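Engineer: Provided below: work.cif, containing mmCIF, C-alpha atoms.
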data_final
#
loop_
_atom_site.label_atom_id
_atom_site.label_comp_id
_atom_site.auth_asym_id
_atom_site.auth_seq_id
_atom_site.Cartn_x
_atom_site.Cartn_y
_atom_site.Cartn_z
CA PRO H 1 55.04 79.04 81.72
CA ARG H 2 54.87 75.58 83.22
CA GLY H 3 57.35 74.63 85.92
CA PHE H 4 59.08 71.42 86.87
CA ASP H 5 57.92 69.56 89.96
CA THR H 6 58.42 71.68 93.05
CA ALA H 7 60.19 69.18 95.29
CA GLY H 8 63.61 70.49 94.32
CA TRP H 9 66.02 69.56 91.59
CA LEU H 10 68.91 67.63 93.05
CA ILE H 11 70.12 65.72 96.03
CA VAL H 12 73.62 64.49 96.73
CA SER H 13 73.79 60.85 97.74
CA GLY H 14 74.37 60.45 101.46
CA GLN H 15 74.06 64.17 102.30
CA SER H 16 71.35 66.10 104.09
CA GLY H 17 69.41 68.88 102.38
CA GLU H 18 71.56 71.67 103.84
CA GLU H 19 74.77 69.84 103.01
CA ALA H 20 73.57 69.20 99.46
CA ASP H 21 72.65 72.88 98.98
CA LYS H 22 76.07 73.95 100.22
CA ARG H 23 77.78 71.45 97.94
CA MET H 24 75.80 72.60 94.91
CA ALA H 25 76.65 76.23 95.61
CA GLU H 26 80.34 75.39 95.87
CA MET H 27 80.33 73.40 92.65
CA ARG H 28 78.51 76.03 90.63
CA GLN H 29 80.30 79.16 91.84
CA SER H 30 82.58 79.04 88.78
CA VAL H 31 81.76 78.13 85.20
CA LYS H 32 85.40 77.36 84.48
CA VAL H 33 85.67 74.59 87.11
CA LEU H 34 82.33 72.91 86.57
CA TYR H 35 82.40 69.59 88.34
CA GLU H 36 84.74 67.86 90.72
CA PRO H 37 85.73 64.40 89.46
CA VAL H 38 84.99 61.40 91.63
CA ALA H 39 88.40 59.84 90.98
CA LYS H 40 90.76 60.14 93.90
CA ASN H 41 93.40 57.58 92.97
CA LYS H 42 95.73 57.24 90.02
CA GLY H 43 94.31 55.09 87.27
CA GLU H 44 90.65 55.81 88.05
CA ARG H 45 88.42 57.47 85.47
CA SER H 46 88.68 61.24 85.76
CA ASP H 47 85.65 62.10 83.62
CA ILE H 48 83.02 60.86 86.09
CA ILE H 49 81.51 63.77 87.97
CA GLN H 50 80.22 63.98 91.54
CA PRO H 51 77.27 61.54 91.64
CA PHE H 52 74.27 63.83 91.83
CA ARG H 53 70.96 62.03 91.55
CA ARG H 54 67.63 63.53 90.56
CA GLN H 55 64.83 63.15 93.11
CA THR H 56 62.31 60.48 92.21
CA ILE H 57 59.22 62.66 92.80
CA GLY H 58 57.49 63.33 89.52
CA PHE H 59 58.94 60.35 87.67
CA PRO H 60 56.60 57.68 86.27
CA THR H 61 59.01 55.02 87.51
CA GLU H 62 62.03 54.81 89.78
CA PRO H 63 64.89 56.48 87.85
CA GLU H 64 67.58 54.26 86.46
CA GLN H 65 70.82 54.64 88.38
CA LEU H 66 73.09 56.48 85.98
CA THR H 67 76.69 57.59 86.04
CA PHE H 68 77.20 61.16 84.81
CA CYS H 69 80.38 62.21 83.05
CA GLN H 70 81.74 65.44 81.63
CA ILE H 71 83.59 65.52 78.30
CA THR H 72 85.64 68.49 77.17
CA ASP H 73 87.61 66.70 74.45
CA LEU H 74 85.95 67.66 71.14
CA VAL H 75 87.19 64.53 69.31
CA LYS H 76 85.42 62.26 71.79
CA ALA H 77 82.40 64.58 71.84
CA LYS H 78 82.13 64.40 68.04
CA GLU H 79 82.18 60.60 68.12
CA LEU H 80 79.32 60.53 70.63
CA TRP H 81 77.38 63.24 68.77
CA GLU H 82 77.52 61.36 65.49
CA SER H 83 76.63 58.05 67.12
CA PHE H 84 73.44 59.62 68.51
CA THR H 85 72.43 61.41 65.29
CA CYS H 86 72.89 58.12 63.43
CA LEU H 87 71.01 56.09 66.07
CA GLU H 88 68.05 58.47 66.18
CA LYS H 89 68.02 58.95 62.38
CA TYR H 90 67.72 62.72 62.65
CA ASN H 91 67.83 63.94 59.06
CA SER H 92 68.55 67.60 59.80
CA PRO H 93 71.47 69.66 58.50
CA PHE H 94 71.30 71.62 61.74
CA LEU H 95 72.76 68.56 63.47
CA ASN H 96 75.85 68.56 61.27
CA TRP H 97 78.78 68.54 63.72
CA ASP H 98 81.23 70.48 61.55
CA TRP H 99 78.73 73.27 60.95
CA ARG H 100 77.98 73.51 64.65
CA ALA H 101 81.62 73.38 65.65
CA ALA H 102 82.44 76.35 63.40
CA PHE H 103 79.93 78.49 65.26
CA ALA H 104 80.79 77.04 68.66
CA ARG H 105 84.37 78.23 68.21
CA GLY H 106 83.05 81.71 67.49
CA TYR H 107 80.35 81.92 70.16
CA GLY H 108 81.14 79.63 73.06
CA ASP H 109 83.52 80.47 75.90
CA THR H 110 83.35 77.06 77.59
CA HIS H 111 82.14 73.82 76.03
CA LEU H 112 80.67 71.03 78.14
CA PHE H 113 79.28 67.67 77.06
CA LEU H 114 77.40 65.87 79.80
CA THR H 115 76.82 62.14 79.33
CA ALA H 116 74.74 59.55 81.15
CA GLU H 117 75.98 55.96 81.35
CA ASN H 118 73.91 52.97 82.43
CA ALA H 119 75.08 50.13 84.65
CA ASN H 120 76.68 48.40 81.64
CA GLY H 121 78.85 51.44 80.88
CA GLU H 122 76.82 52.32 77.77
CA THR H 123 76.29 56.00 77.00
CA VAL H 124 72.51 56.45 76.90
CA GLY H 125 72.28 60.25 77.03
CA LEU H 126 74.22 63.27 75.84
CA LEU H 127 73.62 66.97 76.61
CA PRO H 128 75.93 69.21 74.52
CA LEU H 129 76.32 72.69 75.99
CA GLN H 130 78.38 75.85 75.78
CA TYR H 131 78.59 78.87 78.07
CA VAL H 132 78.12 82.25 76.36
CA SER H 133 79.46 85.07 78.52
CA ASP H 134 77.67 87.81 76.55
CA ARG H 135 74.33 86.40 77.71
CA GLN H 136 75.68 84.75 80.86
CA GLN H 137 73.91 81.47 80.24
CA TRP H 138 74.38 77.90 79.04
CA GLU H 139 73.02 77.11 75.58
CA PHE H 140 73.07 74.28 73.07
CA PHE H 141 76.49 73.60 71.58
CA GLY H 142 76.81 75.68 68.40
CA THR H 143 74.91 78.93 68.63
CA TYR H 144 71.58 80.16 69.93
CA TRP H 145 70.14 80.65 66.42
CA PHE H 146 70.55 77.02 65.38
CA GLU H 147 67.17 75.39 64.80
CA GLU H 148 65.62 71.92 65.05
CA ASN H 149 67.61 71.10 68.18
CA VAL H 150 66.92 67.72 69.74
CA PHE H 151 67.68 65.95 73.01
CA PHE H 152 69.96 62.92 72.83
CA ALA H 153 68.17 60.71 75.34
CA PRO H 154 65.95 57.63 75.00
CA ASP H 155 63.21 58.84 77.35
CA GLU H 156 62.22 61.51 79.85
CA VAL H 157 63.69 59.65 82.80
CA VAL H 158 67.21 59.88 81.40
CA LEU H 159 66.70 63.39 80.01
CA ARG H 160 65.39 64.85 83.26
CA GLN H 161 68.37 63.46 85.14
CA LEU H 162 70.75 64.94 82.57
CA LEU H 163 69.01 68.31 82.89
CA GLY H 164 69.27 67.90 86.65
CA VAL H 165 73.08 67.83 86.62
CA ALA H 166 73.37 70.59 84.00
CA PRO H 167 74.78 73.96 85.07
CA ARG H 168 72.57 77.04 85.41
CA PRO H 169 71.22 79.25 83.99
CA LEU H 170 70.19 76.97 81.13
CA TYR H 171 68.56 78.39 77.99
CA LEU H 172 67.87 75.78 75.33
CA ASN H 173 66.00 77.22 72.36
CA GLY H 174 65.19 76.33 68.76
CA ILE H 175 63.91 72.90 69.85
CA ALA H 176 62.28 70.84 67.11
CA MET H 177 58.54 70.13 67.23
CA SER H 178 59.32 66.38 67.20
CA GLN H 179 60.53 66.66 70.80
CA LEU H 180 57.00 67.46 72.01
CA LYS H 181 55.93 63.94 71.04
CA LYS H 182 59.06 62.22 72.28
CA PHE H 183 59.08 64.01 75.67
CA PRO H 184 55.40 64.89 76.25
CA SER H 185 55.69 66.02 79.89
CA LEU H 186 58.79 68.17 79.40
CA PRO H 187 57.81 71.81 80.05
CA LEU H 188 58.62 73.20 76.61
CA ASP H 189 57.37 76.69 75.78
CA PHE H 190 56.88 78.37 72.42
CA ASP H 191 60.06 80.02 71.13
CA GLU H 192 59.48 81.36 67.61
CA GLU H 193 58.47 80.29 64.11
CA LYS H 194 60.67 79.14 61.27
CA PHE H 195 59.68 79.36 57.59
CA THR H 196 59.97 76.81 54.79
CA LEU H 197 58.80 76.53 51.18
CA PRO H 198 58.30 73.14 49.45
CA LEU H 199 59.86 73.26 45.98
CA GLY H 200 58.52 70.02 44.50
CA GLY H 201 56.87 70.48 41.11
CA PHE H 202 58.30 73.94 40.42
CA SER H 203 60.71 74.48 37.55
CA ALA H 204 61.22 78.21 38.24
CA VAL H 205 60.18 80.95 40.62
CA ASP H 206 57.50 82.16 38.17
CA GLU H 207 55.60 78.92 38.72
CA MET H 208 55.89 79.32 42.47
CA LEU H 209 54.47 82.85 42.28
CA GLU H 210 51.33 81.43 40.64
CA GLU H 211 50.49 79.89 44.04
CA LEU H 212 50.16 83.38 45.58
CA SER H 213 47.19 85.74 45.46
CA SER H 214 46.93 87.90 42.37
CA HIS H 215 47.72 91.02 44.39
CA ARG H 216 50.90 89.61 45.96
CA ARG H 217 51.99 88.16 42.64
CA ALA H 218 51.53 91.55 40.93
CA VAL H 219 53.46 93.42 43.64
CA ILE H 220 56.40 91.00 43.53
CA ARG H 221 56.57 90.93 39.73
CA ARG H 222 56.48 94.73 39.61
CA LYS H 223 59.55 94.86 41.88
CA LEU H 224 61.32 92.21 39.82
CA LYS H 225 60.71 94.10 36.57
CA LYS H 226 62.11 97.32 38.04
CA MET H 227 65.29 95.50 39.07
CA GLU H 228 65.49 93.65 35.73
CA ALA H 229 65.46 97.01 33.95
CA LEU H 230 68.94 97.61 35.42
CA GLN H 231 70.16 94.38 33.77
CA PRO H 232 71.79 92.92 36.87
CA SER H 233 74.15 89.98 36.69
CA ILE H 234 74.17 87.13 39.20
CA THR H 235 77.16 84.90 39.90
CA ALA H 236 77.43 81.92 42.23
CA ASP H 237 80.68 81.22 44.04
CA PHE H 238 82.03 80.66 47.52
CA SER H 239 84.93 82.73 48.74
CA THR H 240 86.03 84.68 51.77
CA LYS H 241 85.82 87.87 49.68
CA ALA H 242 82.14 87.26 48.85
CA VAL H 243 81.31 86.51 52.49
CA ALA H 244 83.13 89.65 53.67
CA GLU H 245 81.16 91.74 51.15
CA MET H 246 77.91 90.18 52.39
CA ILE H 247 78.73 91.04 56.00
CA ALA H 248 79.49 94.65 55.03
CA LEU H 249 76.20 94.95 53.09
CA ASN H 250 74.21 93.44 55.96
CA LYS H 251 75.65 95.99 58.39
CA LYS H 252 74.89 98.79 55.94
CA ARG H 253 71.34 97.51 55.38
CA PHE H 254 70.36 97.10 59.05
CA GLY H 255 72.63 99.63 60.78
CA LYS H 256 72.82 99.04 64.53
CA GLU H 257 70.28 96.22 64.17
CA HIS H 258 72.59 94.11 61.97
CA SER H 259 73.13 90.48 62.95
CA PHE H 260 76.88 90.24 62.43
CA THR H 261 78.43 90.42 65.85
CA PRO H 262 82.19 89.74 65.94
CA ALA H 263 81.47 86.11 66.91
CA ARG H 264 79.02 85.59 64.03
CA SER H 265 81.40 87.25 61.57
CA ARG H 266 84.25 84.95 62.67
CA ALA H 267 82.03 81.89 62.27
CA PHE H 268 80.90 82.86 58.76
CA MET H 269 84.45 83.60 57.66
CA GLU H 270 85.49 80.19 59.00
CA LEU H 271 82.71 78.58 56.96
CA ALA H 272 84.04 80.37 53.88
CA GLY H 273 87.46 78.88 54.39
CA ASN H 274 86.49 75.28 55.13
CA VAL H 275 84.54 72.43 53.57
CA ILE H 276 81.66 71.03 55.62
CA PRO H 277 81.07 67.31 55.00
CA GLY H 278 77.49 66.69 53.93
CA LEU H 279 76.74 70.33 53.13
CA SER H 280 77.70 72.56 50.23
CA ALA H 281 78.00 76.34 50.43
CA ARG H 282 76.74 78.89 47.96
CA VAL H 283 77.11 82.67 47.67
CA LEU H 284 74.95 84.49 45.12
CA THR H 285 76.25 87.94 44.19
CA MET H 286 74.01 90.36 42.32
CA ARG H 287 75.73 93.22 40.52
CA ALA H 288 74.30 96.25 38.74
CA GLY H 289 77.15 97.42 36.57
CA LYS H 290 80.19 97.47 38.84
CA ASP H 291 78.13 97.87 42.02
CA VAL H 292 77.28 95.00 44.34
CA ALA H 293 73.51 95.30 44.78
CA GLY H 294 73.03 92.22 46.96
CA ILE H 295 74.62 89.02 48.26
CA HIS H 296 72.95 85.85 49.55
CA PHE H 297 74.72 83.08 51.51
CA ALA H 298 73.23 79.56 51.62
CA LEU H 299 74.10 76.00 52.60
CA PHE H 300 72.44 73.10 50.83
CA ASN H 301 72.19 69.35 50.37
CA GLN H 302 69.84 67.18 48.32
CA GLU H 303 66.98 67.79 50.71
CA ARG H 304 67.27 71.41 51.73
CA TYR H 305 68.47 74.83 50.65
CA ILE H 306 69.12 76.92 53.78
CA GLY H 307 69.19 80.68 53.34
CA LEU H 308 71.59 81.70 56.10
CA ASN H 309 72.16 85.38 55.56
CA GLY H 310 72.24 88.16 53.04
CA GLY H 311 72.66 91.84 52.47
CA CYS H 312 71.38 94.37 49.93
CA ASP H 313 72.23 97.96 49.04
CA LEU H 314 68.64 99.21 49.30
CA VAL H 315 69.63 102.85 49.23
CA ARG H 316 70.75 102.67 45.61
CA TYR H 317 68.82 99.53 44.65
CA PRO H 318 65.49 99.41 46.54
CA PHE H 319 64.24 96.37 44.59
CA ALA H 320 67.37 94.27 45.05
CA GLU H 321 65.90 92.37 48.01
CA ALA H 322 62.99 90.99 45.97
CA ALA H 323 65.27 90.17 43.05
CA LEU H 324 67.72 88.34 45.31
CA ALA H 325 64.89 86.36 46.94
CA ALA H 326 63.70 85.25 43.49
CA ALA H 327 67.25 84.41 42.44
CA SER H 328 67.83 82.28 45.54
CA ILE H 329 64.56 80.36 44.99
CA ASN H 330 65.56 79.72 41.39
CA ASP H 331 68.98 78.62 42.61
CA ALA H 332 67.43 76.15 45.06
CA ILE H 333 65.14 74.73 42.34
CA GLY H 334 68.06 74.45 39.91
CA LEU H 335 70.12 72.54 42.48
CA GLY H 336 67.31 70.03 42.89
CA CYS H 337 66.57 70.83 46.54
CA LYS H 338 63.18 69.71 47.84
CA THR H 339 62.70 72.49 50.40
CA TYR H 340 63.80 76.10 50.82
CA ASP H 341 64.49 76.69 54.51
CA ALA H 342 64.45 80.43 55.28
CA LEU H 343 65.03 79.98 59.03
CA ALA H 344 63.25 81.90 61.78
CA ASN H 345 61.90 85.46 61.77
CA ASP H 346 59.67 86.55 58.91
CA TYR H 347 61.60 89.79 58.23
CA GLY H 348 58.54 91.10 56.40
CA TRP H 349 58.83 88.91 53.28
CA LYS H 350 58.71 85.16 53.97
CA THR H 351 54.96 84.79 54.58
CA TYR H 352 54.30 87.23 51.75
CA TRP H 353 56.21 84.96 49.36
CA GLY H 354 54.26 81.88 50.46
CA PHE H 355 56.62 80.36 53.04
CA SER H 356 54.84 78.34 55.76
CA PRO H 357 55.55 78.85 59.48
CA ALA H 358 56.37 76.02 61.89
CA PRO H 359 56.90 76.42 65.65
CA LEU H 360 60.13 76.00 67.55
CA TYR H 361 60.29 75.54 71.32
CA LEU H 362 62.51 76.41 74.26
CA LEU H 363 63.39 75.18 77.71
CA ALA H 364 64.70 77.81 80.12
CA ILE H 365 65.83 77.00 83.66
CA ASP H 366 67.49 79.74 85.69
CA ASP H 367 66.93 78.69 89.30
CA VAL H 368 69.83 76.59 90.64
CA ASP H 369 67.89 75.34 93.64
CA ASN H 370 64.50 74.26 92.34
CA GLY H 371 64.76 74.09 88.58
CA LYS H 372 62.07 76.69 87.98
CA ALA H 373 61.27 77.10 84.28
CA VAL H 374 61.09 80.75 83.21
#
Before anything else, please render the file you have as structure tokens.
Structural biologist:
Amino acid sequence: PRGFDTAGWLIVSGQSGEEADKRMAEMRQSVKVLYEPVAKNKGERSDIIQPFRRQTIGFPTEPEQLTFCQITDLVKAKELWESFTCLEKYNSPFLNWDWRAAFARGYGDTHLFLTAENANGETVGLLPLQYVSDRQQWEFFGTYWFEENVFFAPDEVVLRQLLGVAPRPLYLNGIAMSQLKKFPSLPLDFDEEKFTLPLGGFSAVDEMLEELSSHRRAVIRRKLKKMEALQPSITADFSTKAVAEMIALNKKRFGKEHSFTPARSRAFMELAGNVIPGLSARVLTMRAGKDVAGIHFALFNQERYIGLNGGCDLVRYPFAEAALAAASINDAIGLGCKTYDALANDYGWKTYWGFSPAPLYLLAIDDVDNGKAV
């Protein structure tokens, strides 16, 4: 992997190299007390942090002198977040604050929003973070499996300085491909692929299957017919009961490899009990007689249908997974969504069904002293 410039990450204004190293070690020895405020007198701003400044080596121009602040108040953080998503015109449901906040409450132990202000007092950069003790690292605010993450900064000069004052270790993953163009010299590495399916022009899943090879189409239709022989019923609702049943099925389906940690379960149950502005929730439940054969949980808007999670009883109903995939595609088409977003990880079916992969990227920095990318 590529590294940042080797001259060292930070200096403290007016201090020698040894003094700066000692100061950095003191400031980062605890993740609970992150930064010492500059304010010494009553009435001064208490959110401005110790004025670290990134070294100029490696910058195309002399860095703008910025003031760095820390925000822990979520109301203020939300205002800044939404001002940046509006300014940059990011049309991604993954940047929905309320959705992220639900998972942040389940996953994050400490939330930190670092801002950069210019000489006019305008906020020109925002780095939203949370510390996750299970992995002992700082991640994007929300959860590590959120995708299409972006950096709220106008250019690399501001972004690199924000990254310079960020705590370590820093693991920022699921970064959108658009950030490669916006920040071309940032050392982003490949993370994983996500999978999407354009739905334009299809009126039902049968039409979509016609785009596949004859062999794949025959295999899928054979599975669907076997499940249809059981005359399953499918209902669409959104309740805490349906989400709880989905979590139980997922654990049964994947055993020790299931994805529902206590934090993830709490976040999904919170989603079931709250309305997310700009996104609608959907739970498809497939029953064979009185048995629950499979459950699929999705969020959607006019643009996208996002398949978040699901679970199937494959022991008794081995073809339920294919039937539920077809039902969710039909559901997305019926809702008028333009794209089915199946998230990352192929899980052995997405490519087979014709979903296209797209890369996501990561930025990992674990060395406090020199900003080495790992």
Engineer: Kindly provide the residues of range 249-292 of chain H that approach range 334-339 of chain H to within 12 Å, each paired with its closest atom pair and their distance in Å to one decimal, based on all atoms listed in the file, listed by chain and increasing number, as a tab-separated table.
Structural biologist:
residue	atom	partner	partner_atom	distance
H:Ser280	CA	H:Leu335	CA	10.8
H:Ala281	CA	H:Leu335	CA	11.8
H:Arg282	CA	H:Leu335	CA	10.7
Engineer: Hey, which bits of range 193-262 of chain H sit within 7 Å of range 323-327 of chain H, and for each residue what's the closest pair of atoms and how far apart in Å (one decimal), counting only C-alpha atoms, rows by chain and increasing number, as JSON lines?
Structural biologist:
{"residue": "H:Val205", "atom": "CA", "partner": "H:Ala326", "partner_atom": "CA", "distance": 6.3}
{"residue": "H:Leu224", "atom": "CA", "partner": "H:Ala323", "partner_atom": "CA", "distance": 5.5}
{"residue": "H:Met227", "atom": "CA", "partner": "H:Ala323", "partner_atom": "CA", "distance": 6.7}
Engineer: Using only C-alpha atoms, please write the residues we just selected to a file, as a PDB file, keeping the file's coordinate frame.
Structural biologist:
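Okay, this is what ended up in selection.pdb:
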ATOM      1  CA  VAL H 205      60.180  80.950  40.620  1.00  0.00           C
ATOM      2  CA  LEU H 224      61.320  92.210  39.820  1.00  0.00           C
ATOM      3  CA  MET H 227      65.290  95.500  39.070  1.00  0.00           C
TER       4      MET H 227
END
Engineer: Around all listed atoms of range 325-336 of chain H, padded 5 Å per side, what centre and edge lengths does the axis-aligned box have in Å to one decimal, as AutoDock Vina command-line options?
Structural biologist:
--center_x 66.9 --center_y 78.2 --center_z 43.4 --size_x 16.4 --size_y 26.3 --size_z 17.0
Engineer: Using only C-alpha atoms for the distances, tell me which of H:Asn120, H:Phe195, H:Arg266, H:Phe141 is nearest to Asp346 in chain H.
Structural biologist: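 Checking each of H:Asn120, H:Phe195, H:Arg266, H:Phe141 against Asp346 in chain H, counting only C-alpha atoms, the winner is H:Phe195.
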Engineer: Using all atoms listed in the file, determine which residues lie at most 6 Å from range 184-192 of chain H, disregarding the query and same-chain residues fewer than 5 positions distant; provide the list as a count of residues only.
Structural biologist: 6
Engineer: What are the nearest atom pairs, with distances in Å to one decimal, for all residues of range 236-355 of chain H that come at most 12 Å from range 161-177 of chain H, using all atoms listed in the file, set out by chain and rising residue number as a tab-separated table?
Structural biologist:
residue	atom	partner	partner_atom	distance
H:Leu343	CA	H:Gly174	CA	10.4
H:Ala344	CA	H:Gly174	CA	9.1
H:Asn345	CA	H:Gly174	CA	12.0
Engineer: Can you tell me which residues surround Asn250 in chain H at a distance of at most 9 Å, considering all atoms listed in the file, apart from same-chain residues fewer than 3 positions away, and format the answer as a PyMOL selection string?
Structural biologist: chain H and resi 245-247+253-255+258-260+295+309-313
Engineer: Please write the residues from the selection above to a file, keeping C-alpha atoms, as a PDB file, in the frame of the given file.
Structural biologist:
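So part_33.pdb came out as:
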ATOM      1  CA  GLU H 245      81.160  91.740  51.150  1.00  0.00           C
ATOM      2  CA  MET H 246      77.910  90.180  52.390  1.00  0.00           C
ATOM      3  CA  ILE H 247      78.730  91.040  56.000  1.00  0.00           C
ATOM      4  CA  ARG H 253      71.340  97.510  55.380  1.00  0.00           C
ATOM      5  CA  PHE H 254      70.360  97.100  59.050  1.00  0.00           C
ATOM      6  CA  GLY H 255      72.630  99.630  60.780  1.00  0.00           C
ATOM      7  CA  HIS H 258      72.590  94.110  61.970  1.00  0.00           C
ATOM      8  CA  SER H 259      73.130  90.480  62.950  1.00  0.00           C
ATOM      9  CA  PHE H 260      76.880  90.240  62.430  1.00  0.00           C
ATOM     10  CA  ILE H 295      74.620  89.020  48.260  1.00  0.00           C
ATOM     11  CA  ASN H 309      72.160  85.380  55.560  1.00  0.00           C
ATOM     12  CA  GLY H 310      72.240  88.160  53.040  1.00  0.00           C
ATOM     13  CA  GLY H 311      72.660  91.840  52.470  1.00  0.00           C
ATOM     14  CA  CYS H 312      71.380  94.370  49.930  1.00  0.00           C
ATOM     15  CA  ASP H 313      72.230  97.960  49.040  1.00  0.00           C
TER      16      ASP H 313
END
Engineer: With only C-alpha atoms as the atoms that count, which of H:Leu249, H:Leu129, H:Val150, H:Leu212 lies nearest to Lys89 in chain H?
Structural biologist: H:Val150
Engineer: What's the separation between CA of Phe94 in chain H and CA of Glu147 in chain H, in Å to one decimal place?
Structural biologist: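 CA of Glu147 in chain H lies 6.4 Å from CA of Phe94 in chain H.
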Engineer: In Å, rounded to a single decimal, give me how far CA of Gly142 in chain H is from CA of Trp99 in chain H.
Structural biologist: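 Interatomic distance, CA of Trp99 in chain H to CA of Gly142 in chain H: 8.1 Å.
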Engineer: With the PyMOL selection byres ((chain H and resi 131) around 6) as the selection, what would be picked from this file? Answer as a list in words, please.
Structural biologist: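 Applied to this file, the PyMOL selection byres ((chain H and resi 131) around 6) returns Gly108, Asp109, Thr110, Gln130, Val132, Gln137 and Trp138 of chain H.
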